Amino acid sequence: MNSNTFRMPAAVLLATGAVALLTAPPASATGGTPADGAGRSGAVVLRTGLDVGLLNKTVHVPLKATLNEVSAPATAEKTALTVTLDGVEGNKPVSVLRADVATSKATADRTKAEAEANLAKARVHVPGLPLLSLIEVEKVTSKAVCEAGKKPVASANVLGTVTALGKKVTLSAGGPTKVEVPGVGMVSMELSGTETTSTTAAAAALRLKVAVNPLNLNVAQVDGEIVLAEAHCESPKGPAPTTKAPGQPDIKTQTGTGTGGAATGAGTGSGGTTDANLAETGGGSLTPFITGGALTLLALGGGALFLTRRGRAQ
């Protein structure tokens with residue numbers, strides 16, 4: 001099983017007076033288009049921004065870590081994240097996340113940008129509570145798709161049962177779900193958040209607000225945020241799809257050969273002008289009259305010539 005291990009010494013933080021909560025900003029949909037024309041996408045399975053207060057020191061240790069964070073084009077499939085914090089749990093590694101499946105994937109080119117994150121059978125822990133999971137989920141997923149010339153799409157799902165601080169909970173789309181355990185603390189969960197603009201999309205399957213005070217293993221309190229299964233994308237600067245104006249039929253050049261009735265319809269010539277009237281070829285409706293007139297004139301001419309010659313002979 002793969003793992004990521006981070007070590008964050010408390011002594012350095014005490015010397016610099018770092019006591020602020022360090023949190024990673026959540027992915028959000030913002031305007032703009034990449035300058036080079038290609039799309040952008042990224043995903044992360046887990047992101048933590050926690051502040052861990054210690055009992056025996058007036059110091060707060062930031063626990064800021066990520067698992068399987070990728071930017072296009074990339075994939076990641078690590079399933080465990082451990083963090084070592086000086087002065088916490090006897091300086092032993094803290095298993096923040098264990099999962100049977102933890103994958104993230106991001107792709108992007110000049111036509112489409114896409115990202116997705118997936119977690120299955122996942123258990124999240126925080127320092128000071130090694131035996132009690134902060135949250136357990138069966139499956140969470142998120143996906144963001146940004147295609148050139150189309151509206152971006154974001155989706156997130158939490159599937160199966162969810163357990164927070166040892167209690168099974170039912171999540172609601174109408175607002176955060178809070179679970180509080182006396183002597184342990186409280187966790188607030190927001191379900192399936194998505195955001196889209198004309199060119200961007202972002203999704204987070206589950207967002208947790210954490211406030212626990214275990215008073216165990218030298219940990220006085222843990223505050224901050226944890227995000228599970230996050231994906232975001234930005235549309236490529238591709239050409240917009242061409243659309244034909246309504247009521248404008250395609251005009252094609254018409255040509256004809258041989259004899260018969262007159263050709264009908266209008267065509268577009270090579271010079272860009274329209275030949276409104278095509279020449280009639282062969283027999284038409286006026287042909288009998290023209291032929292009869294010609295024969296009459298021929299007969300009159302022949303008769304006049306005959307009379308002229310006869311008068312000369314007399």
# chains A, B, ... in the order shown; residues from 1 in each chain; ligands from 1
call {"tool": "residues_around", "arguments": {"residues": "Pro236 (chain A)", "least_positions_apart": "3", "cutoff": "9 Å", "atoms": "only C-alpha atoms", "output": "PyMOL selection string"}}
result
chain A and resi 33-34+36-40+108-113+146-149+199
call {"tool": "select_by_dssp", "arguments": {"residues": "region 22-169 of chain A", "states": "strand (DSSP E or B)", "output": "ChimeraX atom specification"}}
result
/A:40-54,60-67,70-71,74-76,80-85,94-108,112-124,135-147,153-164,167-169
call {"tool": "write_last_selection", "arguments": {"atoms": "C-alpha atoms", "output": "PDB file, in the first residue's frame"}}
result
ATOM      1  CA  ARG A  40      -6.786  23.327 -17.539  1.00  0.00           C
ATOM      2  CA  SER A  41      -7.873  20.666 -15.053  1.00  0.00           C
ATOM      3  CA  GLY A  42      -6.926  19.237 -11.675  1.00  0.00           C
ATOM      4  CA  ALA A  43      -8.134  16.853  -8.984  1.00  0.00           C
ATOM      5  CA  VAL A  44      -7.324  15.854  -5.420  1.00  0.00           C
ATOM      6  CA  VAL A  45      -8.605  12.944  -3.334  1.00  0.00           C
ATOM      7  CA  LEU A  46      -8.116  14.591   0.081  1.00  0.00           C
ATOM      8  CA  ARG A  47      -7.062  18.052   1.225  1.00  0.00           C
ATOM      9  CA  THR A  48      -6.536  19.015   4.872  1.00  0.00           C
ATOM     10  CA  GLY A  49      -6.151  22.431   6.462  1.00  0.00           C
ATOM     11  CA  LEU A  50      -6.095  21.750  10.198  1.00  0.00           C
ATOM     12  CA  ASP A  51      -4.698  23.501  13.252  1.00  0.00           C
ATOM     13  CA  VAL A  52      -3.550  21.143  16.013  1.00  0.00           C
ATOM     14  CA  GLY A  53      -3.168  22.649  19.506  1.00  0.00           C
ATOM     15  CA  LEU A  54      -0.800  20.881  21.936  1.00  0.00           C
ATOM     16  CA  HIS A  60      -0.413  25.303  17.286  1.00  0.00           C
ATOM     17  CA  VAL A  61       0.873  22.870  14.671  1.00  0.00           C
ATOM     18  CA  PRO A  62      -0.595  23.211  11.169  1.00  0.00           C
ATOM     19  CA  LEU A  63      -1.524  19.990   9.465  1.00  0.00           C
ATOM     20  CA  LYS A  64      -1.727  20.914   5.805  1.00  0.00           C
ATOM     21  CA  ALA A  65      -1.511  17.952   3.445  1.00  0.00           C
ATOM     22  CA  THR A  66      -2.971  16.513   0.250  1.00  0.00           C
ATOM     23  CA  LEU A  67      -3.359  13.048  -1.246  1.00  0.00           C
ATOM     24  CA  VAL A  70      -2.758  16.150  -9.878  1.00  0.00           C
ATOM     25  CA  SER A  71      -2.787  18.723 -12.672  1.00  0.00           C
ATOM     26  CA  ALA A  74      -1.634  13.189 -14.728  1.00  0.00           C
ATOM     27  CA  THR A  75      -3.092  10.335 -12.689  1.00  0.00           C
ATOM     28  CA  ALA A  76      -2.560   9.127  -9.104  1.00  0.00           C
ATOM     29  CA  ALA A  80      -2.809   6.062   2.303  1.00  0.00           C
ATOM     30  CA  LEU A  81      -1.643   9.324   3.842  1.00  0.00           C
ATOM     31  CA  THR A  82       0.382   9.530   7.058  1.00  0.00           C
ATOM     32  CA  VAL A  83       1.744  12.640   8.762  1.00  0.00           C
ATOM     33  CA  THR A  84       4.294  12.900  11.547  1.00  0.00           C
ATOM     34  CA  LEU A  85       3.881  15.855  13.908  1.00  0.00           C
ATOM     35  CA  VAL A  94      -0.672   9.910  12.239  1.00  0.00           C
ATOM     36  CA  SER A  95      -2.737   8.004   9.687  1.00  0.00           C
ATOM     37  CA  VAL A  96      -4.885  10.771   8.243  1.00  0.00           C
ATOM     38  CA  LEU A  97      -6.506   8.689   5.492  1.00  0.00           C
ATOM     39  CA  ARG A  98      -6.838   4.996   4.678  1.00  0.00           C
ATOM     40  CA  ALA A  99      -8.873   3.883   1.674  1.00  0.00           C
ATOM     41  CA  ASP A 100      -9.375   0.807  -0.486  1.00  0.00           C
ATOM     42  CA  VAL A 101      -9.556   3.038  -3.562  1.00  0.00           C
ATOM     43  CA  ALA A 102      -8.162   6.561  -3.883  1.00  0.00           C
ATOM     44  CA  THR A 103      -7.675   7.754  -7.460  1.00  0.00           C
ATOM     45  CA  SER A 104      -7.484  11.090  -9.223  1.00  0.00           C
ATOM     46  CA  LYS A 105      -7.144  11.863 -12.924  1.00  0.00           C
ATOM     47  CA  ALA A 106      -6.865  15.008 -15.037  1.00  0.00           C
ATOM     48  CA  THR A 107      -6.635  15.500 -18.801  1.00  0.00           C
ATOM     49  CA  ALA A 108      -6.608  18.622 -20.969  1.00  0.00           C
ATOM     50  CA  LYS A 112     -11.590  19.562 -23.717  1.00  0.00           C
ATOM     51  CA  ALA A 113     -10.404  19.637 -20.097  1.00  0.00           C
ATOM     52  CA  GLU A 114     -11.628  17.000 -17.647  1.00  0.00           C
ATOM     53  CA  ALA A 115     -10.859  15.922 -14.066  1.00  0.00           C
ATOM     54  CA  GLU A 116     -12.234  13.386 -11.602  1.00  0.00           C
ATOM     55  CA  ALA A 117     -11.530  12.053  -8.092  1.00  0.00           C
ATOM     56  CA  ASN A 118     -12.766   8.857  -6.438  1.00  0.00           C
ATOM     57  CA  LEU A 119     -12.644   7.437  -2.907  1.00  0.00           C
ATOM     58  CA  ALA A 120     -13.991   4.091  -1.714  1.00  0.00           C
ATOM     59  CA  LYS A 121     -14.038   2.540   1.785  1.00  0.00           C
ATOM     60  CA  ALA A 122     -12.269   5.583   3.209  1.00  0.00           C
ATOM     61  CA  ARG A 123     -11.518   6.388   6.879  1.00  0.00           C
ATOM     62  CA  VAL A 124     -10.263   9.827   7.969  1.00  0.00           C
ATOM     63  CA  ILE A 135     -15.499  10.181   9.237  1.00  0.00           C
ATOM     64  CA  GLU A 136     -15.956   6.958   7.275  1.00  0.00           C
ATOM     65  CA  VAL A 137     -17.502   6.860   3.777  1.00  0.00           C
ATOM     66  CA  GLU A 138     -18.331   4.018   1.412  1.00  0.00           C
ATOM     67  CA  LYS A 139     -17.806   5.987  -1.803  1.00  0.00           C
ATOM     68  CA  VAL A 140     -17.447   9.598  -2.882  1.00  0.00           C
ATOM     69  CA  THR A 141     -16.809  10.901  -6.394  1.00  0.00           C
ATOM     70  CA  SER A 142     -16.491  14.218  -8.172  1.00  0.00           C
ATOM     71  CA  LYS A 143     -16.091  15.163 -11.828  1.00  0.00           C
ATOM     72  CA  ALA A 144     -15.654  18.355 -13.839  1.00  0.00           C
ATOM     73  CA  VAL A 145     -15.805  18.622 -17.644  1.00  0.00           C
ATOM     74  CA  CYS A 146     -15.022  21.779 -19.651  1.00  0.00           C
ATOM     75  CA  GLU A 147     -15.388  21.430 -23.430  1.00  0.00           C
ATOM     76  CA  VAL A 153     -20.468  20.593 -16.176  1.00  0.00           C
ATOM     77  CA  ALA A 154     -19.660  19.649 -12.564  1.00  0.00           C
ATOM     78  CA  SER A 155     -21.020  16.737 -10.518  1.00  0.00           C
ATOM     79  CA  ALA A 156     -20.347  15.184  -7.110  1.00  0.00           C
ATOM     80  CA  ASN A 157     -21.827  12.198  -5.297  1.00  0.00           C
ATOM     81  CA  VAL A 158     -21.709  10.626  -1.845  1.00  0.00           C
ATOM     82  CA  LEU A 159     -22.852   7.012  -2.098  1.00  0.00           C
ATOM     83  CA  GLY A 160     -23.648   4.538   0.665  1.00  0.00           C
ATOM     84  CA  THR A 161     -23.455   5.091   4.404  1.00  0.00           C
ATOM     85  CA  VAL A 162     -21.530   7.855   6.164  1.00  0.00           C
ATOM     86  CA  THR A 163     -20.292   7.598   9.763  1.00  0.00           C
ATOM     87  CA  ALA A 164     -19.005  10.634  11.677  1.00  0.00           C
ATOM     88  CA  LYS A 167     -22.393   7.803  14.492  1.00  0.00           C
ATOM     89  CA  LYS A 168     -24.196   6.952  11.266  1.00  0.00           C
ATOM     90  CA  VAL A 169     -25.580  10.104   9.671  1.00  0.00           C
TER      91      VAL A 169
END
call {"tool": "atom_distance", "arguments": {"atom1": "CA of Gly128 (chain A)", "atom2": "CA of Asn218 (chain A)"}}
result
7.2 Å
call {"tool": "closest_residue", "arguments": {"among": "A:Thr200, A:Asn213, A:Gln221, A:Thr170", "to": "Ser235 (chain A)", "atoms": "only C-alpha atoms"}}
result
A:Thr200
call {"tool": "atom_distance", "arguments": {"atom1": "CA of Val227 (chain A)", "atom2": "CA of Val88 (chain A)"}}
result
22.4 Å
call {"tool": "closest_residue", "arguments": {"among": "A:Thr196, A:Leu191, A:Glu89, A:Gly185", "to": "Pro127 (chain A)", "atoms": "only C-alpha atoms"}}
result
A:Glu89
call {"tool": "atom_distance", "arguments": {"atom1": "CA of Gly87 (chain A)", "atom2": "CA of Asn56 (chain A)"}}
result
8.6 Å
call {"tool": "closest_residue", "arguments": {"among": "A:Leu171, A:Leu228, A:Val210, A:Ala204", "to": "Leu134 (chain A)", "atoms": "only C-alpha atoms"}}
result
A:Val210
call {"tool": "decode", "arguments": {"residues": "region 99-226 of chain A", "atoms": "C-alpha atoms", "output": "compact mmCIF listing (two decimals), in the first residue's frame"}}
result
# COMPACT_ATOMS: atom_id res chain seq x y z
CA ALA A 99 -8.87 3.88 1.67
CA ASP A 100 -9.38 0.81 -0.49
CA VAL A 101 -9.56 3.04 -3.56
CA ALA A 102 -8.16 6.56 -3.88
CA THR A 103 -7.68 7.75 -7.46
CA SER A 104 -7.48 11.09 -9.22
CA LYS A 105 -7.14 11.86 -12.92
CA ALA A 106 -6.86 15.01 -15.04
CA THR A 107 -6.63 15.50 -18.80
CA ALA A 108 -6.61 18.62 -20.97
CA ASP A 109 -5.98 19.66 -24.56
CA ARG A 110 -7.24 22.30 -27.00
CA THR A 111 -10.71 20.73 -27.25
CA LYS A 112 -11.59 19.56 -23.72
CA ALA A 113 -10.40 19.64 -20.10
CA GLU A 114 -11.63 17.00 -17.65
CA ALA A 115 -10.86 15.92 -14.07
CA GLU A 116 -12.23 13.39 -11.60
CA ALA A 117 -11.53 12.05 -8.09
CA ASN A 118 -12.77 8.86 -6.44
CA LEU A 119 -12.64 7.44 -2.91
CA ALA A 120 -13.99 4.09 -1.71
CA LYS A 121 -14.04 2.54 1.78
CA ALA A 122 -12.27 5.58 3.21
CA ARG A 123 -11.52 6.39 6.88
CA VAL A 124 -10.26 9.83 7.97
CA HIS A 125 -8.45 10.37 11.29
CA VAL A 126 -7.18 13.47 13.09
CA PRO A 127 -4.41 13.72 15.73
CA GLY A 128 -5.55 12.79 19.24
CA LEU A 129 -8.22 10.35 18.04
CA PRO A 130 -6.26 7.35 16.71
CA LEU A 131 -9.01 4.79 17.43
CA LEU A 132 -12.04 6.85 16.44
CA SER A 133 -12.52 7.87 12.83
CA LEU A 134 -13.48 11.45 12.19
CA ILE A 135 -15.50 10.18 9.24
CA GLU A 136 -15.96 6.96 7.28
CA VAL A 137 -17.50 6.86 3.78
CA GLU A 138 -18.33 4.02 1.41
CA LYS A 139 -17.81 5.99 -1.80
CA VAL A 140 -17.45 9.60 -2.88
CA THR A 141 -16.81 10.90 -6.39
CA SER A 142 -16.49 14.22 -8.17
CA LYS A 143 -16.09 15.16 -11.83
CA ALA A 144 -15.65 18.36 -13.84
CA VAL A 145 -15.80 18.62 -17.64
CA CYS A 146 -15.02 21.78 -19.65
CA GLU A 147 -15.39 21.43 -23.43
CA ALA A 148 -14.67 24.16 -25.95
CA GLY A 149 -17.85 25.90 -27.10
CA LYS A 150 -20.04 24.14 -24.50
CA LYS A 151 -21.24 24.94 -20.98
CA PRO A 152 -18.98 23.37 -18.32
CA VAL A 153 -20.47 20.59 -16.18
CA ALA A 154 -19.66 19.65 -12.56
CA SER A 155 -21.02 16.74 -10.52
CA ALA A 156 -20.35 15.18 -7.11
CA ASN A 157 -21.83 12.20 -5.30
CA VAL A 158 -21.71 10.63 -1.85
CA LEU A 159 -22.85 7.01 -2.10
CA GLY A 160 -23.65 4.54 0.67
CA THR A 161 -23.45 5.09 4.40
CA VAL A 162 -21.53 7.85 6.16
CA THR A 163 -20.29 7.60 9.76
CA ALA A 164 -19.01 10.63 11.68
CA LEU A 165 -17.38 10.29 15.12
CA GLY A 166 -18.82 6.79 15.39
CA LYS A 167 -22.39 7.80 14.49
CA LYS A 168 -24.20 6.95 11.27
CA VAL A 169 -25.58 10.10 9.67
CA THR A 170 -27.91 11.04 6.84
CA LEU A 171 -26.58 13.92 4.79
CA SER A 172 -28.92 16.61 3.48
CA ALA A 173 -28.57 18.76 0.39
CA GLY A 174 -30.45 21.55 2.15
CA GLY A 175 -27.54 22.52 4.40
CA PRO A 176 -24.71 21.22 6.57
CA THR A 177 -25.18 18.16 8.75
CA LYS A 178 -23.66 18.44 12.24
CA VAL A 179 -22.56 15.64 14.53
CA GLU A 180 -21.50 16.42 18.10
CA VAL A 181 -20.07 14.00 20.66
CA PRO A 182 -19.66 15.23 24.26
CA GLY A 183 -16.05 15.21 25.37
CA VAL A 184 -14.82 14.69 21.82
CA GLY A 185 -16.02 17.51 19.64
CA MET A 186 -18.10 18.38 16.59
CA VAL A 187 -17.90 17.90 12.85
CA SER A 188 -20.05 19.73 10.30
CA MET A 189 -20.46 18.16 6.85
CA GLU A 190 -21.53 19.81 3.59
CA LEU A 191 -22.74 17.53 0.84
CA SER A 192 -21.77 17.63 -2.82
CA GLY A 193 -20.89 21.22 -3.60
CA THR A 194 -20.60 22.27 -7.26
CA GLU A 195 -19.98 25.57 -9.03
CA THR A 196 -19.87 26.52 -12.73
CA THR A 197 -19.32 29.63 -14.84
CA SER A 198 -19.29 30.12 -18.61
CA THR A 199 -15.75 28.66 -18.81
CA THR A 200 -15.03 26.82 -15.53
CA ALA A 201 -16.41 24.07 -13.29
CA ALA A 202 -15.55 22.82 -9.80
CA ALA A 203 -16.92 20.06 -7.58
CA ALA A 204 -16.24 18.74 -4.07
CA ALA A 205 -18.00 15.58 -2.90
CA LEU A 206 -17.74 16.28 0.83
CA ARG A 207 -16.47 19.25 2.85
CA LEU A 208 -15.92 18.89 6.60
CA LYS A 209 -15.63 21.62 9.23
CA VAL A 210 -13.79 20.10 12.17
CA ALA A 211 -13.72 21.23 15.80
CA VAL A 212 -12.65 18.49 18.24
CA ASN A 213 -11.01 18.66 21.68
CA PRO A 214 -9.92 15.11 22.52
CA LEU A 215 -7.51 16.06 25.38
CA ASN A 216 -5.66 12.89 24.49
CA LEU A 217 -2.11 12.05 23.40
CA ASN A 218 -0.98 15.63 24.06
CA VAL A 219 -3.66 17.06 21.75
CA ALA A 220 -5.87 19.82 23.18
CA GLN A 221 -7.85 20.73 20.07
CA VAL A 222 -8.09 20.27 16.32
CA ASP A 223 -9.80 22.88 14.16
CA GLY A 224 -10.06 23.43 10.41
CA GLU A 225 -11.35 21.90 7.19
CA ILE A 226 -11.07 18.64 5.27
